[in-house]
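Structure file upload_0.cif; described as mmCIF, C-alpha atoms.
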```
data_coords
loop_
_atom_site.label_atom_id
_atom_site.label_comp_id
_atom_site.auth_asym_id
_atom_site.auth_seq_id
_atom_site.Cartn_x
_atom_site.Cartn_y
_atom_site.Cartn_z
CA MET A 97 30.58 -54.44 92.34
CA ALA A 98 27.00 -53.17 92.28
CA ALA A 99 28.30 -49.63 91.71
CA ILE A 100 30.31 -50.84 88.73
CA SER A 101 27.24 -52.50 87.28
CA LYS A 102 25.22 -49.35 87.74
CA THR A 103 27.91 -47.33 85.96
CA LYS A 104 27.97 -49.80 83.09
CA ARG A 105 24.21 -49.66 82.82
CA THR A 106 24.34 -45.90 82.66
CA LEU A 107 27.00 -45.96 79.96
CA ILE A 108 25.03 -48.50 77.96
CA THR A 109 21.88 -46.39 78.28
CA VAL A 110 23.73 -43.30 77.11
CA ALA A 111 25.25 -45.20 74.21
CA VAL A 112 21.88 -46.56 73.15
CA ALA A 113 20.28 -43.12 73.42
CA ALA A 114 23.08 -41.59 71.40
CA ALA A 115 22.75 -44.26 68.74
CA PHE A 116 18.95 -43.79 68.60
CA GLY A 117 19.33 -40.01 68.48
CA GLY A 118 21.83 -40.31 65.66
CA SER A 119 19.54 -42.62 63.75
CA LEU A 120 16.61 -40.26 64.33
CA PHE A 121 18.71 -37.31 63.15
CA VAL A 122 19.75 -39.18 60.02
CA ALA A 123 16.14 -40.23 59.40
CA LEU A 124 14.80 -36.69 59.86
CA ARG A 125 17.56 -35.30 57.68
CA GLY A 126 16.71 -37.83 54.98
CA GLN A 127 13.02 -36.99 55.28
CA GLN A 128 13.76 -33.29 54.90
CA ALA A 129 15.86 -34.05 51.82
CA ASP A 130 13.01 -36.09 50.35
CA LEU A 131 10.55 -33.26 50.98
CA LYS A 132 12.95 -30.76 49.40
CA GLN A 133 13.33 -32.98 46.35
CA GLU A 134 9.56 -33.40 46.12
CA ARG A 135 8.98 -29.65 46.32
CA GLN A 136 11.69 -29.06 43.73
CA ALA A 137 10.10 -31.63 41.42
CA GLN A 138 6.70 -30.00 41.84
CA GLN A 139 8.20 -26.57 41.09
CA GLU A 140 9.96 -27.92 38.00
CA ALA A 141 6.71 -29.52 36.84
CA ALA A 142 4.86 -26.24 37.33
CA GLU A 143 7.56 -24.34 35.44
CA LEU A 144 7.44 -26.90 32.64
CA ALA A 145 3.66 -26.59 32.44
CA ALA A 146 4.00 -22.81 32.30
CA LEU A 147 6.26 -23.14 29.28
CA GLN A 148 3.84 -25.38 27.39
CA PRO A 149 2.26 -23.34 24.59
CA LEU A 150 -1.42 -22.59 24.96
CA GLN A 151 -3.31 -24.08 22.02
CA GLY A 152 -5.61 -21.62 20.28
CA LEU A 153 -7.85 -21.29 17.23
CA ILE A 154 -7.76 -17.77 15.82
CA ALA A 155 -9.40 -15.70 13.07
CA LEU A 156 -7.46 -14.51 10.04
CA ASP A 157 -7.72 -10.93 11.35
CA VAL A 158 -5.32 -11.57 14.24
CA GLU A 159 -2.94 -14.05 12.62
CA PRO A 160 -0.34 -11.37 11.71
CA PHE A 161 -0.48 -10.10 15.30
CA PHE A 162 0.41 -13.51 16.74
CA LYS A 163 3.18 -13.99 14.18
CA ASP A 164 4.84 -10.71 15.18
CA PRO A 165 8.22 -11.51 16.86
CA ARG A 166 7.55 -8.85 19.50
CA VAL A 167 4.29 -10.55 20.50
CA ILE A 168 5.98 -13.96 20.60
CA GLN A 169 8.74 -12.56 22.84
CA ARG A 170 6.32 -10.75 25.16
CA LEU A 171 4.11 -13.82 25.63
CA ALA A 172 7.15 -15.98 26.31
CA ALA A 173 8.37 -13.50 28.93
CA ALA A 174 4.96 -13.68 30.58
CA ARG A 175 5.21 -17.50 30.53
CA LEU A 176 2.14 -17.62 28.27
CA PRO A 177 3.49 -18.80 24.91
CA VAL A 178 0.94 -19.85 22.30
CA SER A 179 0.57 -22.21 19.38
CA VAL A 180 -2.23 -21.03 17.11
CA SER A 181 -4.09 -22.32 14.06
CA ARG A 182 -6.23 -20.20 11.77
CA VAL A 183 -9.87 -21.25 11.45
CA GLY A 184 -12.90 -19.47 10.01
CA SER A 185 -14.70 -17.65 12.82
CA ARG A 186 -18.04 -19.29 12.13
CA ASP A 187 -16.40 -22.73 11.97
CA MET A 188 -14.92 -22.50 15.46
CA ALA A 189 -17.92 -23.60 17.51
CA ALA A 190 -18.05 -26.88 15.58
CA LYS A 191 -14.55 -27.69 16.86
CA LEU A 192 -16.08 -28.27 20.29
CA ASP A 193 -18.65 -30.81 19.10
CA GLY A 194 -17.98 -34.10 20.83
CA THR A 195 -14.78 -32.94 22.51
CA GLY A 196 -14.14 -33.46 26.17
CA ARG A 197 -12.10 -31.16 28.34
CA SER A 198 -8.88 -32.79 27.12
CA GLY A 199 -9.83 -32.49 23.45
CA ALA A 200 -10.67 -28.80 23.47
CA PRO A 201 -8.16 -26.03 22.68
CA ASP A 202 -7.22 -23.63 25.45
CA PHE A 203 -8.75 -20.62 23.73
CA PHE A 204 -10.57 -19.29 20.69
CA PHE A 205 -10.11 -15.84 19.16
CA PRO A 206 -12.94 -15.37 16.64
CA SER A 207 -13.81 -12.22 14.75
CA GLY A 208 -17.20 -10.86 15.76
CA VAL A 209 -19.60 -11.20 18.66
CA VAL A 210 -21.89 -13.55 16.73
CA ALA A 211 -19.16 -16.15 16.22
CA ALA A 212 -17.91 -15.69 19.78
CA ASN A 213 -21.38 -16.32 21.19
CA GLN A 214 -21.57 -19.54 19.20
CA VAL A 215 -18.29 -20.70 20.74
CA VAL A 216 -19.42 -19.76 24.26
CA ASP A 217 -22.71 -21.58 23.78
CA ALA A 218 -20.94 -24.72 22.53
CA ALA A 219 -18.46 -24.60 25.43
CA ARG A 220 -21.25 -24.38 27.99
CA LYS A 221 -23.07 -27.29 26.39
CA ALA A 222 -19.83 -29.27 26.70
CA ASN A 223 -19.62 -28.28 30.42
CA LEU A 224 -16.37 -26.40 29.85
CA PRO A 225 -15.43 -23.35 31.96
CA VAL A 226 -15.62 -20.33 29.71
CA ALA A 227 -14.83 -16.62 29.93
CA GLN A 228 -14.65 -13.93 27.27
CA LEU A 229 -13.36 -10.40 26.71
CA ALA A 230 -12.56 -8.19 23.71
CA PRO A 231 -8.94 -6.91 23.81
CA PHE A 232 -9.36 -4.88 20.63
CA HIS A 233 -11.97 -4.01 18.01
CA THR A 234 -12.56 -2.35 14.68
CA PRO A 235 -15.60 -0.72 13.07
CA MET A 236 -17.07 -1.85 9.76
CA VAL A 237 -16.43 0.81 7.11
CA ILE A 238 -16.64 1.27 3.35
CA ALA A 239 -13.35 1.99 1.64
CA SER A 240 -13.82 4.24 -1.36
CA TRP A 241 -12.26 6.96 -3.50
CA GLU A 242 -12.59 10.73 -3.39
CA PRO A 243 -14.36 11.03 -6.80
CA VAL A 244 -16.93 8.37 -5.76
CA ALA A 245 -17.45 9.99 -2.36
CA ARG A 246 -18.20 13.33 -4.03
CA ILE A 247 -20.88 11.68 -6.18
CA LEU A 248 -22.48 10.23 -3.03
CA VAL A 249 -22.39 13.67 -1.40
CA ALA A 250 -24.01 15.28 -4.46
CA ASN A 251 -26.85 12.76 -4.22
CA GLY A 252 -27.47 13.24 -0.49
CA LEU A 253 -26.07 9.82 0.40
CA ALA A 254 -22.97 11.00 2.25
CA LYS A 255 -21.56 14.04 4.01
CA PRO A 256 -17.98 15.14 4.72
CA LEU A 257 -16.90 14.73 8.34
CA SER A 258 -13.23 15.67 8.02
CA PRO A 259 -10.58 15.44 5.29
CA LYS A 260 -10.86 12.01 3.62
CA VAL A 261 -13.61 10.95 6.04
CA TYR A 262 -17.32 10.78 5.21
CA GLY A 263 -20.49 9.80 7.00
CA LEU A 264 -22.71 7.50 4.92
CA ASP A 265 -26.51 7.33 5.09
CA MET A 266 -26.75 3.55 5.07
CA ALA A 267 -30.56 3.47 4.92
CA ALA A 268 -30.66 5.73 1.85
CA LEU A 269 -27.86 3.80 0.15
CA THR A 270 -29.59 0.46 0.81
CA GLN A 271 -32.81 1.70 -0.74
CA LEU A 272 -30.94 3.06 -3.76
CA MET A 273 -29.16 -0.26 -4.27
CA LEU A 274 -32.41 -2.22 -3.99
CA ALA A 275 -33.87 0.11 -6.63
CA LYS A 276 -31.07 -1.09 -8.96
CA LYS A 277 -29.74 2.38 -9.67
CA LYS A 278 -26.67 2.61 -11.90
CA TRP A 279 -23.76 4.95 -11.28
CA LYS A 280 -24.36 6.87 -14.51
CA GLU A 281 -27.93 7.61 -13.39
CA LEU A 282 -26.75 9.57 -10.36
CA LYS A 283 -26.40 13.34 -10.24
CA ASP A 284 -22.92 14.68 -11.05
CA ALA A 285 -21.66 11.20 -11.91
CA GLY A 286 -19.10 12.44 -14.45
CA ALA A 287 -16.12 11.13 -12.46
CA TYR A 288 -17.57 7.60 -12.45
CA GLU A 289 -20.16 7.58 -15.22
CA VAL A 290 -20.40 3.82 -15.74
CA SER A 291 -23.30 1.49 -16.40
CA ARG A 292 -22.60 -0.69 -13.38
CA SER A 293 -25.17 -0.93 -10.62
CA VAL A 294 -24.44 0.92 -7.40
CA LEU A 295 -23.38 -1.91 -5.09
CA VAL A 296 -21.03 -2.39 -2.16
CA SER A 297 -18.49 -5.17 -2.70
CA THR A 298 -18.35 -7.74 0.12
CA THR A 299 -16.89 -11.11 0.89
CA ASP A 300 -19.04 -14.24 0.65
CA LEU A 301 -21.29 -14.13 3.72
CA ARG A 302 -21.53 -17.94 3.68
CA ARG A 303 -17.88 -18.17 4.66
CA SER A 304 -16.75 -14.76 5.87
CA ASN A 305 -17.67 -12.76 8.95
CA SER A 306 -17.37 -9.40 7.17
CA GLY A 307 -19.97 -10.46 4.61
CA ALA A 308 -22.29 -11.46 7.45
CA MET A 309 -21.74 -8.08 9.10
CA TYR A 310 -22.84 -6.39 5.87
CA LEU A 311 -26.05 -8.39 6.01
CA ALA A 312 -26.52 -7.35 9.64
CA LEU A 313 -25.93 -3.68 8.84
CA THR A 314 -28.22 -3.56 5.78
CA SER A 315 -30.93 -5.40 7.72
CA GLN A 316 -30.85 -2.62 10.31
CA ALA A 317 -30.85 0.02 7.57
CA LEU A 318 -33.85 -1.58 5.88
CA ASN A 319 -35.92 -1.97 9.06
CA GLY A 320 -34.79 1.07 11.00
CA ASP A 321 -33.80 -1.10 13.94
CA VAL A 322 -32.10 -4.37 14.87
CA VAL A 323 -33.97 -7.45 13.67
CA THR A 324 -35.37 -9.26 16.72
CA ASP A 325 -37.77 -11.92 15.43
CA ARG A 326 -37.66 -14.79 12.97
CA PRO A 327 -40.39 -13.68 10.51
CA THR A 328 -38.72 -10.27 10.10
CA ALA A 329 -35.34 -11.93 9.76
CA ARG A 330 -36.52 -14.18 6.92
CA ALA A 331 -38.43 -11.43 5.10
CA THR A 332 -35.50 -9.03 5.38
CA ALA A 333 -32.98 -11.61 4.18
CA LEU A 334 -35.13 -12.37 1.14
CA LYS A 335 -35.11 -8.69 0.17
CA LEU A 336 -31.39 -8.24 0.75
CA ALA A 337 -30.29 -11.43 -1.00
CA GLU A 338 -30.06 -9.65 -4.35
CA LEU A 339 -27.42 -7.27 -2.97
CA PHE A 340 -25.19 -10.32 -2.71
CA LYS A 341 -26.34 -12.11 -5.86
CA ARG A 342 -25.81 -9.10 -8.11
CA GLN A 343 -22.22 -8.66 -7.00
CA GLY A 344 -21.12 -11.72 -8.96
CA TYR A 345 -18.07 -13.58 -7.70
CA GLN A 346 -17.17 -12.89 -4.09
CA GLU A 347 -13.97 -13.76 -2.26
CA ASN A 348 -14.22 -16.27 0.57
CA TYR A 349 -11.78 -14.55 2.90
CA VAL A 350 -11.60 -11.13 4.45
CA ASN A 351 -8.52 -9.87 2.59
CA GLY A 352 -9.78 -10.83 -0.89
CA ASN A 353 -12.21 -7.95 -1.18
CA PHE A 354 -9.70 -5.49 0.27
CA ASP A 355 -6.93 -6.69 -2.06
CA ASP A 356 -9.13 -5.88 -5.07
CA TYR A 357 -9.73 -2.39 -3.68
CA VAL A 358 -6.01 -1.69 -3.22
CA ALA A 359 -4.58 -3.46 -6.27
CA ILE A 360 -7.20 -2.83 -8.99
CA GLY A 361 -8.75 0.39 -7.76
CA MET A 362 -11.90 2.36 -8.41
CA GLY A 363 -12.76 0.67 -11.70
CA LYS A 364 -13.18 -2.71 -10.01
CA THR A 365 -14.13 -1.70 -6.49
CA PRO A 366 -15.70 1.76 -6.04
CA LEU A 367 -17.16 0.72 -2.65
CA ALA A 368 -15.60 -2.03 -0.53
CA PHE A 369 -17.11 -3.18 2.76
CA ILE A 370 -14.12 -3.89 5.02
CA TYR A 371 -12.84 -3.78 8.57
CA GLU A 372 -11.33 -0.38 9.32
CA ASN A 373 -8.17 -2.07 10.58
CA GLN A 374 -7.46 -3.44 7.09
CA LEU A 375 -6.89 -0.01 5.57
CA VAL A 376 -5.26 1.36 8.73
CA SER A 377 -2.72 -1.49 8.89
CA HIS A 378 -2.09 -1.10 5.14
CA ALA A 379 -1.44 2.62 5.63
CA LEU A 380 0.90 1.98 8.56
CA ALA A 381 2.82 -0.73 6.70
CA LYS A 382 3.16 1.37 3.54
CA LYS A 383 3.67 4.59 5.53
CA GLY A 384 0.79 6.20 3.69
CA VAL A 385 -2.05 5.64 1.23
CA SER A 386 -3.00 6.80 -2.25
CA ALA A 387 -4.10 10.43 -2.26
CA ASP A 388 -7.71 9.67 -3.25
CA MET A 389 -8.34 6.78 -0.83
CA VAL A 390 -11.11 7.68 1.65
CA LEU A 391 -13.20 6.00 4.32
CA LEU A 392 -16.98 6.13 4.49
CA TYR A 393 -18.42 5.43 7.94
CA PRO A 394 -21.96 4.00 7.72
CA GLN A 395 -24.29 5.83 10.08
CA PRO A 396 -24.95 3.79 12.04
CA THR A 397 -22.24 1.17 11.73
CA ILE A 398 -21.34 -2.06 13.53
CA VAL A 399 -18.20 -2.42 15.63
CA ASN A 400 -16.57 -5.77 15.07
CA LYS A 401 -15.05 -7.03 18.30
CA VAL A 402 -12.26 -9.59 18.17
CA VAL A 403 -13.41 -11.67 21.13
CA PHE A 404 -11.02 -13.79 23.21
CA VAL A 405 -12.78 -16.88 24.59
CA SER A 406 -10.81 -18.83 27.22
CA LEU A 407 -11.53 -22.35 28.45
CA ASN A 408 -9.17 -22.48 31.45
CA GLU A 409 -7.49 -20.18 33.96
CA ARG A 410 -4.16 -19.97 32.16
CA ALA A 411 -5.86 -19.01 28.90
CA LYS A 412 -7.93 -16.46 30.83
CA ALA A 413 -4.67 -14.90 32.05
CA LEU A 414 -3.53 -14.67 28.43
CA GLY A 415 -6.70 -12.81 27.47
CA GLU A 416 -6.24 -10.36 30.33
CA LEU A 417 -2.62 -9.79 29.25
CA LEU A 418 -3.73 -9.02 25.69
CA ALA A 419 -6.30 -6.54 27.00
CA ASN A 420 -4.13 -4.77 29.57
CA ASP A 421 -0.48 -4.96 28.55
CA ALA A 422 0.64 -1.61 27.10
CA GLU A 423 3.17 -3.17 24.73
CA LEU A 424 0.72 -5.69 23.28
CA GLN A 425 -1.98 -3.04 22.97
CA GLY A 426 0.44 -0.82 21.05
CA ILE A 427 1.30 -3.64 18.66
CA ALA A 428 -2.42 -4.26 18.10
CA VAL A 429 -2.78 -0.62 17.03
CA GLU A 430 0.01 -1.15 14.51
CA TYR A 431 -2.19 -3.82 12.95
CA GLY A 432 -4.97 -1.28 12.67
CA PHE A 433 -7.09 -2.28 15.66
CA ARG A 434 -8.72 0.18 18.01
CA ILE A 435 -8.09 -0.18 21.73
CA ALA A 436 -9.53 1.45 24.84
CA ASP A 437 -6.99 4.28 24.43
CA THR A 438 -8.60 6.05 21.45
CA ALA A 439 -6.09 8.91 21.50
CA ARG A 440 -3.22 6.46 21.04
CA PHE A 441 -4.97 4.91 18.04
CA VAL A 442 -5.70 8.26 16.37
CA LYS A 443 -2.18 9.58 16.97
CA THR A 444 -0.66 6.45 15.42
CA VAL A 445 -2.82 6.70 12.30
CA GLN A 446 -2.34 10.45 11.76
CA ALA A 447 1.25 9.98 10.62
CA THR A 448 0.07 8.01 7.56
CA GLY A 449 -2.18 10.72 6.14
CA LEU A 450 -5.18 8.40 6.27
CA GLY A 451 -8.28 10.03 7.73
CA VAL A 452 -10.28 8.17 10.38
CA GLU A 453 -13.27 9.09 12.52
CA PRO A 454 -11.86 9.46 16.06
CA ARG A 455 -15.00 8.59 18.01
CA LEU A 456 -17.93 6.56 16.75
CA THR A 457 -21.22 7.87 18.09
CA GLN A 458 -23.64 5.91 15.88
CA VAL A 459 -23.21 2.19 16.50
CA VAL A 460 -25.70 -0.69 16.47
CA ASP A 461 -25.43 -4.32 17.47
CA PRO A 462 -25.96 -7.19 15.05
CA PRO A 463 -28.98 -9.47 15.56
CA SER A 464 -28.62 -12.52 17.80
CA PHE A 465 -26.51 -15.32 16.37
CA GLU A 466 -29.64 -17.49 15.96
CA LEU A 467 -31.31 -14.84 13.78
CA MET A 468 -28.06 -14.13 11.94
CA ALA A 469 -27.77 -17.84 11.14
CA GLU A 470 -31.36 -17.78 9.89
CA MET A 471 -30.73 -14.80 7.61
CA ILE A 472 -27.45 -16.20 6.30
CA GLU A 473 -29.19 -19.47 5.45
CA VAL A 474 -31.95 -17.64 3.56
CA VAL A 475 -29.44 -15.58 1.55
CA ALA A 476 -27.28 -18.66 0.87
CA GLN A 477 -30.31 -20.52 -0.50
CA GLU A 478 -31.19 -17.58 -2.74
CA MET A 479 -27.62 -17.32 -4.02
CA ALA A 480 -27.61 -21.04 -4.87
CA GLN A 481 -30.62 -20.67 -7.19
#
```
Starting from the coordinates I provided, produce the structure as structure tokens.
Amino acid sequence: MAAISKTKRTLITVAVAAAFGGSLFVALRGQQADLKQERQAQQEAAELAALQPLQGLIALDVEPFFKDPRVIQRLAAARLPVSVSRVGSRDMAAKLDGTGRSGAPDFFFPSGVVAANQVVDAARKANLPVAQLAPFHTPMVIASWEPVARILVANGLAKPLSPKVYGLDMAALTQLMLAKKKWKELKDAGAYEVSRSVLVSTTDLRRSNSGAMYLALTSQALNGDVVTDRPTARATALKLAELFKRQGYQENYVNGNFDDYVAIGMGKTPLAFIYENQLVSHALAKKGVSADMVLLYPQPTIVNKVVFVSLNERAKALGELLANDAELQGIAVEYGFRIADTARFVKTVQATGLGVEPRLTQVVDPPSFELMAEMIEVVAQEMAQ
């Protein structure tokens, strides 16, 4: 009888163990399923976040680039789609005033180092992580016409560099403009013998980066070096203010001045201060330019960098993609921008018949953004009088 009881106890123990093991197996299996579901949910959330467009504020210069279907497709494939809004470069830094991390855009893409430095400074004051790089750039040039260029050469203000490309003595031209010389007073001015003052047409420096770059370049030409102190900045701006005042009406946006050059021609705009990429992209889009369109490269000139400023890691990855992806770099060239691969840029432009200077050896930096702001304010006050 005792043996039977022992056998029963053994069977009961085995049954209980089996039941417990089964329950444990079911529990562990359920736990593994929960973990799998959790990991899947996390992965889906990450994938969803990767598909959320990065919010950016961009300059007018790069708006056509971001609207290009090829760019949209490439960014989507890289899981870095964007949603962009156009804002004036010098208005961008103000968009960070009073914003917390959640209220700031993911990136800014202003035109020019001065505007970019303002954004970076504002981001740091707001304790936001910030990084910057320049995926592409373009030099400041003066678009002109062959008959006008020949007059400048005859008067020792310019020299031929290659077909349809001239080097311009910016210091000599600045002095001549400040002396209020008229075109008809110049030597061999028969092709443009008009009573207008010799002036370079610009955009309104109070609203446009290209106008501000003209102020920066003429300030260097007037002083022989970059302005580095406030008294010099104010004195220089006072002298140069008349170069803006005497122009008359100025467009507020970068394409306005260029549009006058292309549409109306030499009679309205003999000398137009523009970004090189404007005429290059026009030439590429039209598959050529008018036979007498030429470029004058101020010596020295300023290279305008289109600076990508990121405020988080995902935006930083976007900036690196713009700077390093061969397809995106090639599309940037189609919009007239220079990239690290100079040969690629020159080869692309050659097909249009437009002449460009392959390598720029005389380049200066603009003054600091504090001094630029000072000079712009002085000129703006003079223009308001």
Within 9 Å of segment 203-217 of chain A, counting only C-alpha atoms, which residues show up once you throw out same-chain ones fewer than 6 positions away? Write them as an MDAnalysis selection string, please. chainID A and resid 150:158 183:192 226:228 233 305:306 309 399:408 411:412 415 462:466 468
Contacts of Glu281 of chain A at 9 Å (all atoms listed in the file; same-chain gap of 6+ positions) as an MDAnalysis selection string: chainID A and resid 289:291
Residue contacts of segment 441-458 of chain A (8 Å, all atoms listed in the file) excluding same-chain residues fewer than 6 positions away, as a PyMOL selection string: chain A and resi 257-261+376+379-380+383-385+389-391+393+395-397+429-430+433-435
Nearest to Ala428 of chain A among A:Thr328, A:Thr234, A:Ser304, A:Gln148, with distances taken over all atoms listed in the file: which residue is it?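 Of the candidates, the smallest distance to Ala428 of chain A is held by A:Thr234.
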Please enumerate the residues selected by the PyMOL selection byres ((chain A and resi 283) around 7) when evaluated against the supplied file, formatted as a list in words.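 The output of the PyMOL selection byres ((chain A and resi 283) around 7) on this file is Ala250, Asn251, Glu281, Leu282, Asp284 and Ala285 of chain A.
One distance worth recording is that between atom CA of Ser181 of chain A and atom CA of Leu424 of chain A, which is 19.6 Å.
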How far is it from atom CA of Val475 of chain A to atom CA of Leu334 of chain A, in Å with one decimal?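 Atom CA of Leu334 of chain A lies at a distance of 6.5 Å from atom CA of Val475 of chain A.
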Could you tell me how far atom CA of Val249 of chain A lies from atom CA of Leu295 of chain A, in Å and to one decimal?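 A separation of 16.0 Å between them.
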What would segment 305-328 of chain A look like with N, CA and C atoms in place, written as a PDB file, in the coordinates of the input?
```
ATOM      1  N   ASN A 305     -16.984 -13.565   7.951  1.00  0.00           N
ATOM      2  CA  ASN A 305     -17.670 -12.760   8.950  1.00  0.00           C
ATOM      3  C   ASN A 305     -17.999 -11.361   8.436  1.00  0.00           C
ATOM      4  N   SER A 306     -17.106 -10.763   7.638  1.00  0.00           N
ATOM      5  CA  SER A 306     -17.370  -9.400   7.170  1.00  0.00           C
ATOM      6  C   SER A 306     -18.591  -9.356   6.266  1.00  0.00           C
ATOM      7  N   GLY A 307     -18.769 -10.395   5.432  1.00  0.00           N
ATOM      8  CA  GLY A 307     -19.970 -10.460   4.610  1.00  0.00           C
ATOM      9  C   GLY A 307     -21.225 -10.559   5.457  1.00  0.00           C
ATOM     10  N   ALA A 308     -21.148 -11.339   6.537  1.00  0.00           N
ATOM     11  CA  ALA A 308     -22.290 -11.460   7.450  1.00  0.00           C
ATOM     12  C   ALA A 308     -22.582 -10.139   8.142  1.00  0.00           C
ATOM     13  N   MET A 309     -21.536  -9.375   8.467  1.00  0.00           N
ATOM     14  CA  MET A 309     -21.740  -8.080   9.100  1.00  0.00           C
ATOM     15  C   MET A 309     -22.424  -7.086   8.146  1.00  0.00           C
ATOM     16  N   TYR A 310     -22.152  -7.230   6.859  1.00  0.00           N
ATOM     17  CA  TYR A 310     -22.840  -6.390   5.870  1.00  0.00           C
ATOM     18  C   TYR A 310     -24.330  -6.713   5.858  1.00  0.00           C
ATOM     19  N   LEU A 311     -24.646  -7.989   5.928  1.00  0.00           N
ATOM     20  CA  LEU A 311     -26.050  -8.390   6.010  1.00  0.00           C
ATOM     21  C   LEU A 311     -26.691  -7.824   7.269  1.00  0.00           C
ATOM     22  N   ALA A 312     -25.995  -7.883   8.385  1.00  0.00           N
ATOM     23  CA  ALA A 312     -26.520  -7.350   9.640  1.00  0.00           C
ATOM     24  C   ALA A 312     -26.761  -5.845   9.534  1.00  0.00           C
ATOM     25  N   LEU A 313     -25.826  -5.137   8.923  1.00  0.00           N
ATOM     26  CA  LEU A 313     -25.930  -3.680   8.840  1.00  0.00           C
ATOM     27  C   LEU A 313     -27.057  -3.258   7.884  1.00  0.00           C
ATOM     28  N   THR A 314     -27.153  -3.907   6.724  1.00  0.00           N
ATOM     29  CA  THR A 314     -28.220  -3.560   5.780  1.00  0.00           C
ATOM     30  C   THR A 314     -29.591  -3.969   6.307  1.00  0.00           C
ATOM     31  N   SER A 315     -29.636  -5.012   7.130  1.00  0.00           N
ATOM     32  CA  SER A 315     -30.930  -5.400   7.720  1.00  0.00           C
ATOM     33  C   SER A 315     -31.409  -4.315   8.676  1.00  0.00           C
ATOM     34  N   GLN A 316     -30.489  -3.719   9.418  1.00  0.00           N
ATOM     35  CA  GLN A 316     -30.850  -2.620  10.310  1.00  0.00           C
ATOM     36  C   GLN A 316     -31.268  -1.393   9.499  1.00  0.00           C
ATOM     37  N   ALA A 317     -30.540  -1.133   8.412  1.00  0.00           N
ATOM     38  CA  ALA A 317     -30.850   0.020   7.570  1.00  0.00           C
ATOM     39  C   ALA A 317     -32.223  -0.126   6.926  1.00  0.00           C
ATOM     40  N   LEU A 318     -32.577  -1.339   6.550  1.00  0.00           N
ATOM     41  CA  LEU A 318     -33.850  -1.580   5.880  1.00  0.00           C
ATOM     42  C   LEU A 318     -35.026  -1.480   6.845  1.00  0.00           C
ATOM     43  N   ASN A 319     -34.829  -1.921   8.092  1.00  0.00           N
ATOM     44  CA  ASN A 319     -35.920  -1.970   9.060  1.00  0.00           C
ATOM     45  C   ASN A 319     -35.941  -0.789  10.028  1.00  0.00           C
ATOM     46  N   GLY A 320     -34.855  -0.049  10.077  1.00  0.00           N
ATOM     47  CA  GLY A 320     -34.790   1.070  11.000  1.00  0.00           C
ATOM     48  C   GLY A 320     -34.422   0.668  12.411  1.00  0.00           C
ATOM     49  N   ASP A 321     -34.171  -0.612  12.614  1.00  0.00           N
ATOM     50  CA  ASP A 321     -33.800  -1.100  13.940  1.00  0.00           C
ATOM     51  C   ASP A 321     -33.217  -2.508  13.788  1.00  0.00           C
ATOM     52  N   VAL A 322     -32.672  -3.023  14.881  1.00  0.00           N
ATOM     53  CA  VAL A 322     -32.100  -4.370  14.870  1.00  0.00           C
ATOM     54  C   VAL A 322     -33.224  -5.402  14.713  1.00  0.00           C
ATOM     55  N   VAL A 323     -32.999  -6.372  13.862  1.00  0.00           N
ATOM     56  CA  VAL A 323     -33.970  -7.450  13.670  1.00  0.00           C
ATOM     57  C   VAL A 323     -34.027  -8.313  14.928  1.00  0.00           C
ATOM     58  N   THR A 324     -35.249  -8.534  15.451  1.00  0.00           N
ATOM     59  CA  THR A 324     -35.370  -9.260  16.720  1.00  0.00           C
ATOM     60  C   THR A 324     -36.311 -10.462  16.663  1.00  0.00           C
ATOM     61  N   ASP A 325     -36.880 -10.758  15.498  1.00  0.00           N
ATOM     62  CA  ASP A 325     -37.770 -11.920  15.430  1.00  0.00           C
ATOM     63  C   ASP A 325     -37.558 -12.653  14.109  1.00  0.00           C
ATOM     64  N   ARG A 326     -37.939 -13.920  14.115  1.00  0.00           N
ATOM     65  CA  ARG A 326     -37.660 -14.790  12.970  1.00  0.00           C
ATOM     66  C   ARG A 326     -38.413 -14.383  11.705  1.00  0.00           C
ATOM     67  N   PRO A 327     -39.703 -14.078  11.756  1.00  0.00           N
ATOM     68  CA  PRO A 327     -40.390 -13.680  10.510  1.00  0.00           C
ATOM     69  C   PRO A 327     -39.755 -12.469   9.849  1.00  0.00           C
ATOM     70  N   THR A 328     -39.382 -11.454  10.659  1.00  0.00           N
ATOM     71  CA  THR A 328     -38.720 -10.270  10.100  1.00  0.00           C
ATOM     72  C   THR A 328     -37.359 -10.632   9.532  1.00  0.00           C
TER      73      THR A 328
END
```
